[in-house]
$ cat coords-v2.cif   # mmCIF, C-alpha atoms
data_input
loop_
_atom_site.label_atom_id
_atom_site.label_comp_id
_atom_site.auth_asym_id
_atom_site.auth_seq_id
_atom_site.Cartn_x
_atom_site.Cartn_y
_atom_site.Cartn_z
CA MET A 130 -103.41 -53.69 -57.39
CA ASP A 131 -105.65 -56.71 -56.96
CA LYS A 132 -105.50 -58.47 -53.62
CA VAL A 133 -104.74 -62.18 -53.66
CA LYS A 134 -106.73 -64.77 -51.76
CA VAL A 135 -104.54 -67.12 -49.73
CA ASN A 136 -105.62 -70.17 -47.76
CA MET A 137 -102.87 -71.40 -45.48
CA VAL A 138 -102.41 -73.09 -42.14
CA VAL A 139 -100.49 -71.05 -39.58
CA ASN A 140 -99.43 -72.79 -36.37
CA GLY A 141 -102.11 -75.41 -36.93
CA ASN A 142 -104.92 -72.91 -37.54
CA PRO A 143 -106.50 -72.50 -40.98
CA VAL A 144 -106.16 -68.90 -42.14
CA SER A 145 -108.06 -67.46 -45.08
CA ILE A 146 -106.85 -63.99 -45.93
CA GLU A 147 -106.62 -61.49 -48.76
CA VAL A 148 -103.10 -60.15 -49.11
CA LYS A 149 -101.53 -57.38 -51.16
CA PRO A 150 -99.76 -58.93 -54.18
CA TYR A 151 -96.43 -57.47 -53.06
CA ALA A 152 -96.76 -58.29 -49.33
CA ARG A 153 -94.05 -60.51 -47.93
CA LEU A 154 -94.93 -63.46 -45.74
CA LEU A 155 -93.08 -61.58 -42.98
CA ASP A 156 -95.42 -58.57 -43.34
CA VAL A 157 -98.56 -60.69 -43.26
CA LEU A 158 -97.41 -62.66 -40.21
CA ARG A 159 -96.50 -59.54 -38.26
CA GLU A 160 -99.05 -56.97 -39.46
CA ASP A 161 -102.13 -58.98 -40.37
CA LEU A 162 -101.84 -61.93 -38.01
CA SER A 163 -100.05 -60.06 -35.17
CA LEU A 164 -97.42 -62.80 -34.90
CA THR A 165 -94.57 -60.45 -34.03
CA GLY A 166 -92.24 -63.20 -32.84
CA THR A 167 -90.94 -63.38 -36.41
CA LYS A 168 -88.36 -60.60 -36.70
CA GLU A 169 -87.10 -58.54 -39.59
CA GLY A 170 -83.33 -58.18 -39.51
CA CYS A 171 -81.67 -57.50 -42.85
CA GLY A 172 -84.68 -57.97 -45.12
CA VAL A 173 -82.55 -59.58 -47.84
CA GLY A 174 -82.11 -63.17 -46.68
CA GLU A 175 -78.71 -62.77 -45.07
CA CYS A 176 -79.47 -62.93 -41.34
CA GLY A 177 -82.23 -65.50 -40.79
CA ALA A 178 -84.07 -63.50 -38.10
CA CYS A 179 -87.29 -63.88 -40.13
CA THR A 180 -86.96 -67.68 -40.44
CA VAL A 181 -90.21 -69.64 -40.35
CA ILE A 182 -90.97 -73.25 -41.27
CA VAL A 183 -93.00 -73.82 -44.44
CA ASP A 184 -94.09 -77.42 -45.09
CA GLY A 185 -91.30 -78.70 -42.85
CA GLU A 186 -88.50 -76.57 -44.33
CA THR A 187 -86.98 -73.34 -43.06
CA VAL A 188 -87.39 -70.29 -45.29
CA ASN A 189 -86.64 -66.58 -45.02
CA SER A 190 -90.09 -65.00 -44.70
CA CYS A 191 -88.63 -61.70 -45.95
CA LEU A 192 -87.90 -63.31 -49.34
CA THR A 193 -91.26 -65.07 -49.61
CA LEU A 194 -94.33 -63.51 -51.19
CA ALA A 195 -97.35 -64.08 -48.96
CA ALA A 196 -99.40 -64.63 -52.12
CA SER A 197 -97.31 -67.72 -52.89
CA MET A 198 -98.24 -69.40 -49.59
CA ASP A 199 -101.59 -70.80 -50.75
CA GLY A 200 -102.01 -74.34 -49.43
CA LYS A 201 -98.89 -74.17 -47.25
CA HIS A 202 -98.40 -75.08 -43.60
CA ILE A 203 -96.45 -72.42 -41.73
CA THR A 204 -94.93 -72.64 -38.25
CA THR A 205 -93.75 -69.52 -36.43
CA ILE A 206 -92.17 -69.26 -32.99
CA GLU A 207 -95.67 -68.71 -31.55
CA GLY A 208 -96.61 -72.21 -32.69
CA LEU A 209 -94.10 -74.02 -30.50
CA MET A 210 -95.76 -73.76 -27.10
CA GLU A 211 -98.09 -76.57 -26.19
CA ASN A 212 -100.58 -76.34 -23.31
CA GLU A 213 -98.91 -73.18 -22.02
CA LYS A 214 -95.60 -75.05 -21.81
CA LEU A 215 -92.48 -73.98 -23.64
CA HIS A 216 -91.11 -76.31 -26.28
CA PRO A 217 -88.08 -78.37 -25.11
CA ILE A 218 -85.86 -76.39 -27.52
CA GLN A 219 -87.02 -73.15 -25.92
CA GLU A 220 -86.31 -74.58 -22.44
CA ALA A 221 -82.84 -75.68 -23.53
CA PHE A 222 -82.04 -72.24 -25.00
CA ILE A 223 -82.89 -70.67 -21.61
CA LYS A 224 -80.92 -73.26 -19.66
CA HIS A 225 -77.80 -72.87 -21.82
CA ASN A 226 -78.01 -69.06 -22.03
CA ALA A 227 -78.21 -69.47 -25.78
CA LEU A 228 -79.34 -65.88 -26.19
CA GLN A 229 -78.57 -62.42 -25.00
CA CYS A 230 -80.45 -59.75 -26.94
CA GLY A 231 -82.87 -62.36 -28.28
CA PHE A 232 -83.48 -60.89 -31.72
CA CYS A 233 -82.16 -63.91 -33.62
CA THR A 234 -83.64 -66.43 -31.19
CA PRO A 235 -87.00 -67.18 -32.85
CA GLY A 236 -85.22 -67.89 -36.15
CA LEU A 237 -82.54 -70.01 -34.51
CA ILE A 238 -85.12 -72.05 -32.60
CA LEU A 239 -87.12 -72.69 -35.78
CA SER A 240 -83.97 -73.79 -37.61
CA ALA A 241 -83.25 -76.13 -34.68
CA LYS A 242 -86.82 -77.46 -34.75
CA ALA A 243 -86.76 -78.15 -38.49
CA LEU A 244 -83.46 -79.98 -38.02
CA LEU A 245 -84.62 -82.15 -35.11
CA ASP A 246 -87.96 -82.92 -36.80
CA SER A 247 -86.16 -84.38 -39.82
CA ASN A 248 -82.99 -85.62 -38.11
CA PRO A 249 -83.43 -86.48 -34.42
CA ASN A 250 -79.78 -87.56 -34.08
CA PRO A 251 -77.76 -84.74 -35.60
CA THR A 252 -73.97 -84.55 -35.47
CA THR A 253 -72.32 -81.30 -34.41
CA GLU A 254 -71.66 -80.64 -38.09
CA ASP A 255 -75.36 -81.21 -38.94
CA ILE A 256 -76.28 -78.66 -36.25
CA LYS A 257 -73.78 -76.14 -37.56
CA VAL A 258 -75.14 -76.48 -41.10
CA ALA A 259 -78.74 -76.22 -39.87
CA ILE A 260 -78.09 -72.91 -38.10
CA SER A 261 -75.67 -71.55 -40.72
CA GLY A 262 -78.38 -69.29 -42.12
CA ASN A 263 -78.99 -67.60 -38.75
CA LEU A 264 -76.68 -64.83 -37.65
CA CYS A 265 -76.21 -64.30 -33.90
CA ARG A 266 -73.93 -61.50 -32.73
CA CYS A 267 -74.24 -62.22 -28.98
CA THR A 268 -73.59 -65.87 -28.24
CA GLY A 269 -70.81 -66.98 -30.54
CA TYR A 270 -73.09 -69.97 -31.31
CA GLN A 271 -71.51 -72.47 -28.89
CA GLN A 272 -74.36 -72.18 -26.38
CA VAL A 273 -76.87 -72.59 -29.20
CA ILE A 274 -75.15 -75.76 -30.38
CA ASP A 275 -75.03 -77.08 -26.78
CA ALA A 276 -78.74 -76.41 -26.33
CA ILE A 277 -79.70 -78.21 -29.54
CA LYS A 278 -77.43 -81.14 -28.68
CA GLU A 279 -79.05 -81.53 -25.29
CA VAL A 280 -82.54 -81.64 -26.76
CA ALA A 281 -81.42 -84.28 -29.25
CA GLU A 282 -79.80 -86.36 -26.51
CA LYS A 283 -82.84 -86.16 -24.22
CA THR A 284 -85.24 -87.36 -26.87
CA ARG A 285 -82.95 -90.19 -27.90
CA MET B 95 -91.95 -49.53 -52.52
CA MET B 96 -92.55 -51.44 -55.75
CA ARG B 97 -96.12 -52.41 -56.43
CA PHE B 98 -97.15 -55.09 -58.86
CA ASN B 99 -99.89 -57.56 -59.62
CA TYR B 100 -99.51 -61.26 -58.92
CA TYR B 101 -100.51 -64.23 -61.04
CA ARG B 102 -100.31 -67.88 -60.11
CA PRO B 103 -100.71 -69.89 -63.34
CA ALA B 104 -101.60 -73.56 -62.96
CA SER B 105 -99.66 -74.81 -65.99
CA VAL B 106 -96.74 -74.00 -68.27
CA LYS B 107 -99.27 -73.14 -70.97
CA GLU B 108 -100.97 -70.58 -68.73
CA ALA B 109 -97.62 -69.14 -67.66
CA CYS B 110 -96.55 -68.72 -71.29
CA GLU B 111 -99.86 -67.03 -72.15
CA LEU B 112 -99.33 -64.56 -69.30
CA LEU B 113 -95.75 -63.89 -70.42
CA ASN B 114 -97.00 -63.32 -73.95
CA GLN B 115 -99.62 -60.90 -72.66
CA TYR B 116 -97.31 -58.86 -70.42
CA GLN B 117 -93.96 -59.35 -72.23
CA GLY B 118 -91.26 -57.18 -70.62
CA GLU B 119 -93.58 -55.92 -67.89
CA ALA B 120 -93.64 -59.37 -66.29
CA LYS B 121 -91.06 -61.14 -64.15
CA VAL B 122 -91.18 -64.82 -63.31
CA ILE B 123 -90.85 -65.75 -59.64
CA ALA B 124 -90.21 -69.22 -58.20
CA GLY B 125 -88.19 -69.23 -54.99
CA GLY B 126 -87.86 -65.45 -54.93
CA THR B 127 -84.43 -65.52 -53.28
CA ASP B 128 -83.01 -63.16 -55.93
CA LEU B 129 -86.10 -61.33 -57.22
CA MET B 130 -87.36 -60.38 -53.74
CA VAL B 131 -84.02 -58.71 -52.99
CA GLN B 132 -84.22 -56.78 -56.28
CA ILE B 133 -87.79 -55.75 -55.45
CA ARG B 134 -86.74 -54.48 -52.04
CA ASP B 135 -83.81 -52.56 -53.55
CA GLU B 136 -85.98 -51.25 -56.42
CA ASP B 137 -83.16 -52.51 -58.57
CA LYS B 138 -82.94 -50.98 -62.05
CA LYS B 139 -82.67 -54.53 -63.43
CA ILE B 140 -86.42 -54.90 -62.86
CA ALA B 141 -87.47 -51.32 -63.70
CA GLY B 142 -90.90 -51.29 -65.36
CA MET B 143 -91.99 -54.58 -63.79
CA LYS B 144 -95.77 -54.49 -63.32
CA VAL B 145 -96.58 -58.16 -62.94
CA VAL B 146 -95.07 -61.12 -61.10
CA ILE B 147 -95.85 -64.59 -62.43
CA ASP B 148 -95.43 -67.24 -59.75
CA ILE B 149 -94.48 -70.62 -61.23
CA SER B 150 -93.69 -72.25 -57.88
CA HIS B 151 -97.04 -74.10 -57.86
CA ILE B 152 -96.66 -75.65 -61.33
CA ASN B 153 -95.86 -79.21 -60.32
CA GLU B 154 -95.19 -80.34 -63.90
CA LEU B 155 -91.95 -78.30 -63.57
CA ARG B 156 -90.75 -80.19 -60.50
CA TYR B 157 -88.87 -83.32 -61.61
CA ILE B 158 -85.44 -84.90 -61.80
CA GLN B 159 -85.50 -87.61 -64.47
CA GLU B 160 -83.07 -89.66 -66.47
CA GLU B 161 -83.77 -90.87 -69.98
CA ASP B 162 -81.18 -92.46 -72.28
CA ASN B 163 -78.31 -91.21 -70.11
CA VAL B 164 -79.61 -87.64 -70.22
CA ILE B 165 -80.65 -86.00 -66.95
CA HIS B 166 -83.58 -83.59 -67.07
CA ILE B 167 -84.22 -81.19 -64.20
CA GLY B 168 -87.41 -79.12 -64.06
CA THR B 169 -86.86 -75.44 -63.55
CA ILE B 170 -88.46 -75.15 -60.08
CA VAL B 171 -86.37 -77.92 -58.50
CA THR B 172 -84.65 -76.33 -55.50
CA HIS B 173 -80.95 -76.38 -54.65
CA ASP B 174 -81.84 -78.53 -51.65
CA GLN B 175 -83.72 -81.04 -53.81
CA ILE B 176 -80.74 -81.31 -56.16
CA TYR B 177 -78.35 -81.84 -53.25
CA ASN B 178 -80.62 -84.53 -51.82
CA SER B 179 -81.07 -86.44 -55.07
CA PRO B 180 -79.14 -89.74 -54.79
CA MET B 181 -79.19 -90.06 -58.59
CA LEU B 182 -77.47 -86.69 -59.09
CA ARG B 183 -74.82 -87.53 -56.49
CA THR B 184 -73.52 -90.17 -58.91
CA ALA B 185 -74.57 -88.67 -62.25
CA ALA B 186 -73.29 -85.15 -61.53
CA PRO B 187 -71.63 -84.91 -58.11
CA LEU B 188 -70.18 -81.47 -58.88
CA LEU B 189 -73.71 -80.10 -59.31
CA SER B 190 -74.79 -81.56 -55.94
CA GLU B 191 -71.77 -79.94 -54.29
CA ALA B 192 -72.33 -76.61 -56.00
CA CYS B 193 -76.00 -76.48 -55.01
CA ASN B 194 -75.10 -77.29 -51.41
CA THR B 195 -72.89 -74.20 -51.20
CA VAL B 196 -75.62 -71.74 -52.22
CA GLY B 197 -76.51 -69.22 -49.50
CA SER B 198 -77.95 -70.93 -46.46
CA PRO B 199 -80.41 -73.76 -45.75
CA GLN B 200 -83.26 -71.23 -45.93
CA ILE B 201 -82.10 -70.05 -49.36
CA ARG B 202 -81.52 -73.61 -50.62
CA HIS B 203 -85.05 -74.62 -49.60
CA ARG B 204 -86.56 -71.90 -51.80
CA GLY B 205 -84.05 -71.00 -54.49
CA THR B 206 -84.40 -72.93 -57.74
CA ILE B 207 -82.03 -74.13 -60.44
CA GLY B 208 -83.96 -72.26 -63.15
CA GLY B 209 -83.93 -69.06 -61.12
CA SER B 210 -80.20 -69.33 -60.55
CA ILE B 211 -79.62 -69.58 -64.31
CA CYS B 212 -82.05 -66.79 -65.27
CA ASN B 213 -80.69 -64.38 -62.65
CA ALA B 214 -77.36 -64.73 -64.49
CA SER B 215 -75.25 -63.66 -61.54
CA PRO B 216 -71.56 -64.14 -62.35
CA ALA B 217 -71.15 -65.57 -58.85
CA ALA B 218 -73.92 -68.19 -59.10
CA ASP B 219 -72.65 -71.49 -57.73
CA PRO B 220 -74.71 -73.97 -59.79
CA VAL B 221 -73.84 -72.25 -63.08
CA PRO B 222 -70.13 -73.28 -63.40
CA ALA B 223 -71.14 -76.85 -62.53
CA LEU B 224 -73.78 -76.78 -65.27
CA VAL B 225 -71.25 -75.24 -67.69
CA ALA B 226 -68.86 -78.10 -66.95
CA LEU B 227 -71.72 -80.52 -67.60
CA ASN B 228 -72.33 -78.91 -71.02
CA ALA B 229 -75.91 -78.27 -69.93
CA LYS B 230 -78.70 -77.24 -72.24
CA VAL B 231 -81.80 -75.25 -71.35
CA LYS B 232 -85.31 -75.53 -72.69
CA LEU B 233 -87.18 -72.29 -73.35
CA GLU B 234 -90.93 -72.39 -73.95
CA SER B 235 -93.33 -69.73 -75.19
CA VAL B 236 -96.63 -69.50 -77.05
CA ARG B 237 -94.47 -69.52 -80.20
CA GLY B 238 -93.05 -72.95 -79.42
CA GLU B 239 -90.01 -74.31 -77.67
CA ARG B 240 -86.27 -74.30 -78.27
CA VAL B 241 -83.40 -76.12 -76.61
CA VAL B 242 -80.06 -74.28 -76.60
CA PRO B 243 -76.68 -74.74 -74.91
CA MET B 244 -76.94 -72.91 -71.57
CA VAL B 245 -73.79 -70.84 -72.16
CA GLU B 246 -75.43 -69.26 -75.22
CA ILE B 247 -78.13 -67.50 -73.20
CA PHE B 248 -75.73 -65.37 -71.16
CA GLU B 249 -75.14 -61.86 -72.55
CA LYS B 250 -73.38 -60.16 -69.65
CA PRO B 251 -73.64 -60.21 -65.85
CA TYR B 252 -77.32 -60.35 -64.84
CA LYS B 253 -78.46 -60.31 -68.47
CA THR B 254 -79.63 -63.20 -70.65
CA ASN B 255 -81.06 -63.27 -74.16
CA ILE B 256 -84.15 -65.18 -73.05
CA ALA B 257 -87.00 -63.43 -74.87
CA PRO B 258 -89.56 -61.57 -72.73
CA ASP B 259 -92.27 -64.10 -73.64
CA GLU B 260 -90.12 -67.16 -72.95
CA LEU B 261 -90.05 -69.35 -69.84
CA LEU B 262 -87.00 -71.44 -68.99
CA THR B 263 -88.64 -74.76 -68.16
CA GLU B 264 -85.80 -77.28 -67.97
CA VAL B 265 -82.07 -77.80 -67.75
CA SER B 266 -80.58 -81.04 -69.08
CA PHE B 267 -77.17 -82.65 -69.49
CA LYS B 268 -75.59 -85.98 -70.28
CA ARG B 269 -74.79 -88.25 -67.34
CA LEU B 270 -71.05 -88.19 -66.73
CA PRO B 271 -69.24 -91.42 -67.61
CA GLY B 272 -68.44 -93.62 -64.60
CA SER B 273 -64.74 -92.90 -65.08
CA ALA B 274 -65.21 -89.12 -64.82
CA ARG B 275 -63.65 -87.37 -61.83
CA THR B 276 -65.17 -84.06 -60.79
CA SER B 277 -64.92 -81.33 -58.22
CA PHE B 278 -66.40 -77.97 -57.33
CA ILE B 279 -64.65 -75.42 -55.14
CA LYS B 280 -66.16 -72.20 -53.88
CA LEU B 281 -64.16 -69.44 -52.31
CA GLY B 282 -66.29 -67.14 -50.16
CA ARG B 283 -65.57 -64.71 -47.36
CA ARG B 284 -67.10 -67.21 -44.95
CA LYS B 285 -68.52 -70.71 -45.21
CA ALA B 286 -72.22 -69.91 -45.06
CA LEU B 287 -74.25 -67.06 -46.51
CA ALA B 288 -71.37 -65.82 -48.61
CA ILE B 289 -71.52 -65.00 -52.28
CA ALA B 290 -68.66 -66.66 -54.12
CA ARG B 291 -65.65 -64.44 -54.69
CA MET B 292 -64.74 -67.06 -57.23
CA ASN B 293 -65.61 -70.69 -57.82
CA VAL B 294 -64.57 -73.38 -60.23
CA ALA B 295 -66.02 -76.66 -61.48
CA VAL B 296 -63.89 -79.29 -63.21
CA VAL B 297 -64.45 -82.62 -64.94
CA LEU B 298 -61.57 -84.95 -65.84
CA VAL B 299 -61.77 -88.23 -67.72
CA LEU B 300 -58.72 -90.51 -67.69
CA ASP B 301 -58.15 -93.63 -69.76
CA GLU B 302 -56.74 -96.95 -68.48
CA ASN B 303 -53.20 -95.66 -68.98
CA ASP B 304 -53.86 -92.69 -66.71
CA VAL B 305 -53.87 -90.28 -69.63
CA ILE B 306 -56.36 -87.40 -69.52
CA THR B 307 -58.73 -87.86 -72.45
CA GLU B 308 -61.16 -85.10 -71.58
CA ALA B 309 -60.93 -82.00 -69.41
CA ARG B 310 -63.53 -79.37 -68.65
CA ILE B 311 -62.75 -76.30 -66.56
CA ALA B 312 -65.52 -73.81 -65.76
CA PRO B 313 -64.65 -70.93 -63.44
CA GLY B 314 -67.22 -68.52 -61.96
CA SER B 315 -66.83 -64.77 -61.34
CA VAL B 316 -63.78 -64.85 -63.58
CA LEU B 317 -64.88 -64.46 -67.20
CA PRO B 318 -67.20 -61.79 -68.69
CA LYS B 319 -69.77 -64.54 -69.07
CA PRO B 320 -69.91 -68.19 -67.97
CA GLY B 321 -67.97 -70.63 -70.08
CA ARG B 322 -65.21 -73.20 -70.20
CA VAL B 323 -61.55 -72.29 -70.55
CA SER B 324 -60.56 -74.34 -73.58
CA GLU B 325 -56.99 -72.95 -73.53
CA ALA B 326 -56.40 -74.49 -70.09
CA GLU B 327 -58.23 -77.70 -70.99
CA ALA B 328 -55.95 -78.16 -74.00
CA ILE B 329 -52.91 -78.19 -71.68
CA LEU B 330 -54.33 -81.22 -69.88
CA VAL B 331 -55.70 -83.40 -72.66
CA GLY B 332 -53.32 -86.14 -73.79
CA GLN B 333 -51.11 -85.78 -70.72
CA LYS B 334 -50.68 -87.73 -67.50
CA PRO B 335 -51.68 -85.73 -64.42
CA THR B 336 -48.75 -84.18 -62.55
CA ALA B 337 -48.44 -81.32 -60.10
CA GLU B 338 -46.65 -79.21 -62.73
CA LEU B 339 -49.31 -79.90 -65.34
CA PHE B 340 -52.12 -78.84 -63.01
CA GLU B 341 -50.16 -75.78 -62.00
CA SER B 342 -49.75 -74.66 -65.59
CA ALA B 343 -53.44 -75.27 -66.32
CA GLY B 344 -54.31 -73.07 -63.33
CA LYS B 345 -51.97 -70.34 -64.54
CA LYS B 346 -53.55 -70.53 -67.97
CA VAL B 347 -57.02 -69.91 -66.46
CA ALA B 348 -55.63 -66.80 -64.73
CA GLU B 349 -54.03 -65.65 -67.99
CA VAL B 350 -57.28 -66.10 -69.92
CA MET B 351 -59.17 -64.20 -67.18
CA VAL B 352 -56.88 -61.18 -67.58
CA GLU B 353 -57.09 -61.42 -71.35
CA LYS B 354 -60.90 -61.56 -71.46
CA SER B 355 -61.91 -59.51 -68.42
CA GLY B 356 -59.07 -56.98 -68.50
CA ILE B 357 -57.21 -55.53 -65.54
CA ARG B 358 -59.70 -54.55 -62.88
CA TRP B 359 -59.34 -53.39 -59.26
CA SER B 360 -59.63 -57.01 -58.13
CA THR B 361 -57.10 -58.45 -60.58
CA PRO B 362 -54.02 -58.44 -58.30
CA TYR B 363 -56.04 -60.63 -55.92
CA LYS B 364 -57.96 -62.75 -58.39
CA GLU B 365 -55.10 -63.60 -60.74
CA PRO B 366 -52.98 -65.69 -58.33
CA VAL B 367 -56.04 -67.01 -56.49
CA ILE B 368 -57.92 -68.43 -59.48
CA ALA B 369 -54.72 -70.17 -60.57
CA VAL B 370 -54.44 -71.89 -57.19
CA LEU B 371 -58.18 -72.56 -56.99
CA THR B 372 -58.10 -74.30 -60.38
CA ARG B 373 -55.07 -76.38 -59.41
CA ARG B 374 -56.78 -77.39 -56.17
CA ALA B 375 -59.97 -78.30 -58.03
CA LEU B 376 -57.97 -80.53 -60.39
CA ASP B 377 -56.15 -82.13 -57.45
CA GLN B 378 -59.43 -82.64 -55.63
CA ALA B 379 -61.02 -84.27 -58.68
CA LEU B 380 -58.22 -86.84 -58.63
CA GLY B 381 -58.52 -87.30 -54.87
CA VAL B 382 -55.19 -85.54 -54.13
CA GLU B 383 -55.65 -83.15 -51.23
#

$ encode --input "coords-v2.cif" --output "structure tokens"
Amino acid sequence: MDKVKVNMVVNGNPVSIEVKPYARLLDVLREDLSLTGTKEGCGVGECGACTVIVDGETVNSCLTLAASMDGKHITTIEGLMENEKLHPIQEAFIKHNALQCGFCTPGLILSAKALLDSNPNPTTEDIKVAISGNLCRCTGYQQVIDAIKEVAEKTR
Amino acid sequence: MMRFNYYRPASVKEACELLNQYQGEAKVIAGGTDLMVQIRDEDKKIAGMKVVIDISHINELRYIQEEDNVIHIGTIVTHDQIYNSPMLRTAAPLLSEACNTVGSPQIRHRGTIGGSICNASPAADPVPALVALNAKVKLESVRGERVVPMVEIFEKPYKTNIAPDELLTEVSFKRLPGSARTSFIKLGRRKALAIARMNVAVVLVLDENDVITEARIAPGSVLPKPGRVSEAEAILVGQKPTAELFESAGKKVAEVMVEKSGIRWSTPYKEPVIAVLTRRALDQALGVE
């Protein structure tokens, strides 16, 4: 099988890489780029643990061929820290105990980030829709919603 | 694990040439939200697939346009782009609603209207809306192009009669008249990330005397293949809307389901539920909750 050349930008850094034609974006992030913050849950787009942001929109990296990412800008959970400081959404998740086991957290935080980047003043309903593709079996979601609300209110 | 080669054609012409070269050994990918699951499952639906042709970069297939009251949507337009199109909210609100119920935000950002049609899942949400819009699809190949009513391409669940060398490039439909009332209802096990157990799209047109002049009812996951239920529509046309009328139209849809799909394990559940779902959709179209 012929490898496919892909030029993409991952967390602000240009990446030029040859990928297997059947490799998923999830595989390339975790195996080739060692960005293991992106998790594989169900592998079929049902749980959202593998959520990353591509050109401003959340996608399931388990359902995305890495070969199709040529020219795309990708943000993973590793791309949120700035100058060794956690992103405000990350801080709010800690403050509100919006996680327990943590497996869904990177995906949830990226869904929250994509929401707040495009809609800085979301309603509770907007927040619920934005995280509706991320399953969390620990929190019951209320703490997650509280955390996202607080970030939105602080930046208002 | 399935292995395959990957091609990223830059134009429809190139994509058609690749399809002509590989015929049944090729599968088209756009958003991948269905195909990637089939690849992971090594689904028999894609047995023998050796090549994936990625059309997601072909920008000439990404458009929502209106010309002479006909709306044209390029095949790689995503569910999210349809939902966010202000023009479609007025020209075909039931399609906007249907696309907004697909999967999750992540799925709606990647999944495309063309992919949803070609996957031919009986539970696809956009499909009943497109059926109720009397949509047509454009199929292109090196042999030329043809435009056919969308309902004619469906053979059975997950199977279309699109030829191996053909690419579905566009879906189109007439703008609904301003007087049309529409609705789309999806019944899933939960609100997000649920495949429809059943869904239904309706269009009603009433004249100035409040008489129904046109009715279209398109249920999903109910008939052997997508289509309108003309028997139920006939009950409505020429009548004034009443609770009893809508109830009998709903019952007719259930009756036709049993007639065409037979008695299955799910029938005791689906029969009363599709009747109610249809009645609710008709009520909702008229703004009665």

$ resolve_selection --input "coords-v2.cif" --expression "the PyMOL selection byres ((chain A and resi 177-182) around 10)" --output "ChimeraX atom specification"
/A:139-140,154-155,166-176,183-192,201-206,231-240,242-243,260-265 /B:198-201,287

$ residues_around --input "coords-v2.cif" --residues "range 95-110 of chain B" --least-positions-apart "3" --cutoff "7 Å" --atoms "only C-alpha atoms" --output "JSON, numbers by chain"
{"A": [130, 131, 150, 151], "B": [113, 114, 133, 136, 144, 145, 146, 147, 148, 149, 151, 152, 235, 236, 259, 260, 261]}

$ closest_residue --input "coords-v2.cif" --among "B:Met181, B:Leu262, B:Ala120, B:Ala288" --to "chain A" --atoms "only C-alpha atoms"
B:Ala288

$ residues_around --input "coords-v2.cif" --residues "Met143 in chain B" --least-positions-apart "3" --cutoff "7 Å" --atoms "only C-alpha atoms" --output "VMD selection string"
chain B and resid 119 to 121 140

$ resolve_selection --input "coords-v2.cif" --expression "the PyMOL selection byres ((chain B and resi 215) around 10)" --output "PDB file with C-alpha atoms, keeping the file's coordinate frame"
ATOM      1  CA  ASP B 128     -83.010 -63.160 -55.930  1.00  0.00           C
ATOM      2  CA  SER B 210     -80.200 -69.330 -60.550  1.00  0.00           C
ATOM      3  CA  ILE B 211     -79.620 -69.580 -64.310  1.00  0.00           C
ATOM      4  CA  CYS B 212     -82.050 -66.790 -65.270  1.00  0.00           C
ATOM      5  CA  ASN B 213     -80.690 -64.380 -62.650  1.00  0.00           C
ATOM      6  CA  ALA B 214     -77.360 -64.730 -64.490  1.00  0.00           C
ATOM      7  CA  PRO B 216     -71.560 -64.140 -62.350  1.00  0.00           C
ATOM      8  CA  ALA B 217     -71.150 -65.570 -58.850  1.00  0.00           C
ATOM      9  CA  ALA B 218     -73.920 -68.190 -59.100  1.00  0.00           C
ATOM     10  CA  ASP B 219     -72.650 -71.490 -57.730  1.00  0.00           C
ATOM     11  CA  VAL B 221     -73.840 -72.250 -63.080  1.00  0.00           C
ATOM     12  CA  PHE B 248     -75.730 -65.370 -71.160  1.00  0.00           C
ATOM     13  CA  LYS B 250     -73.380 -60.160 -69.650  1.00  0.00           C
ATOM     14  CA  PRO B 251     -73.640 -60.210 -65.850  1.00  0.00           C
ATOM     15  CA  TYR B 252     -77.320 -60.350 -64.840  1.00  0.00           C
ATOM     16  CA  LYS B 253     -78.460 -60.310 -68.470  1.00  0.00           C
ATOM     17  CA  GLY B 314     -67.220 -68.520 -61.960  1.00  0.00           C
ATOM     18  CA  SER B 315     -66.830 -64.770 -61.340  1.00  0.00           C
ATOM     19  CA  LYS B 319     -69.770 -64.540 -69.070  1.00  0.00           C
ATOM     20  CA  PRO B 320     -69.910 -68.190 -67.970  1.00  0.00           C
TER      21      PRO B 320
END

$ closest_residue --input "coords-v2.cif" --among "B:Ile311, B:Ile256, B:Met351, B:Ala274" --to "Thr372 in chain B" --atoms "only C-alpha atoms"
B:Ile311

$ atom_distance --input "coords-v2.cif" --atom1 "CA of Ala343 in chain B" --atom2 "CA of Val196 in chain B"
26.5 Å

$ closest_residue --input "coords-v2.cif" --among "A:Arg159, A:His216, A:His225, A:Lys257" --to "chain B" --atoms "all atoms listed in the file"
A:Lys257

$ atom_distance --input "coords-v2.cif" --atom1 "CA of Val347 in chain B" --atom2 "CA of Glu191 in chain B"
21.6 Å

$ residues_near_point --input "coords-v2.cif" --point "(-61.6, -74.0, -53.6)" --cutoff "12 Å" --atoms "all atoms listed in the file" --output "ChimeraX atom specification"
/B:191-192,195,277-283,285,290-296,313-314,367-379,383

$ closest_residue --input "coords-v2.cif" --among "B:Ile176, B:Thr254, B:Arg284, B:Leu189" --to "chain A" --atoms "all atoms listed in the file"
B:Arg284

$ resolve_selection --input "coords-v2.cif" --expression "the PyMOL selection byres ((chain B and resi 297) around 6)" --output "number ranges by chain"
B: 275-276, 296, 298, 309-310

$ atom_distance --input "coords-v2.cif" --atom1 "CA of Gln272 in chain A" --atom2 "CA of Ala241 in chain A"
12.8 Å

$ closest_residue --input "coords-v2.cif" --among "A:Ser197, A:Asn136, A:Asn248, A:Ser163" --to "chain B" --atoms "all atoms listed in the file"
A:Ser197

$ axis_aligned_box --input "coords-v2.cif" --around "range 352-364 of chain B" --padding-each-side "3 Å" --output "JSON"
{"center_x": -58.0, "center_y": -58.1, "center_z": -63.7, "size_x": 13.9, "size_y": 15.4, "size_z": 21.5}
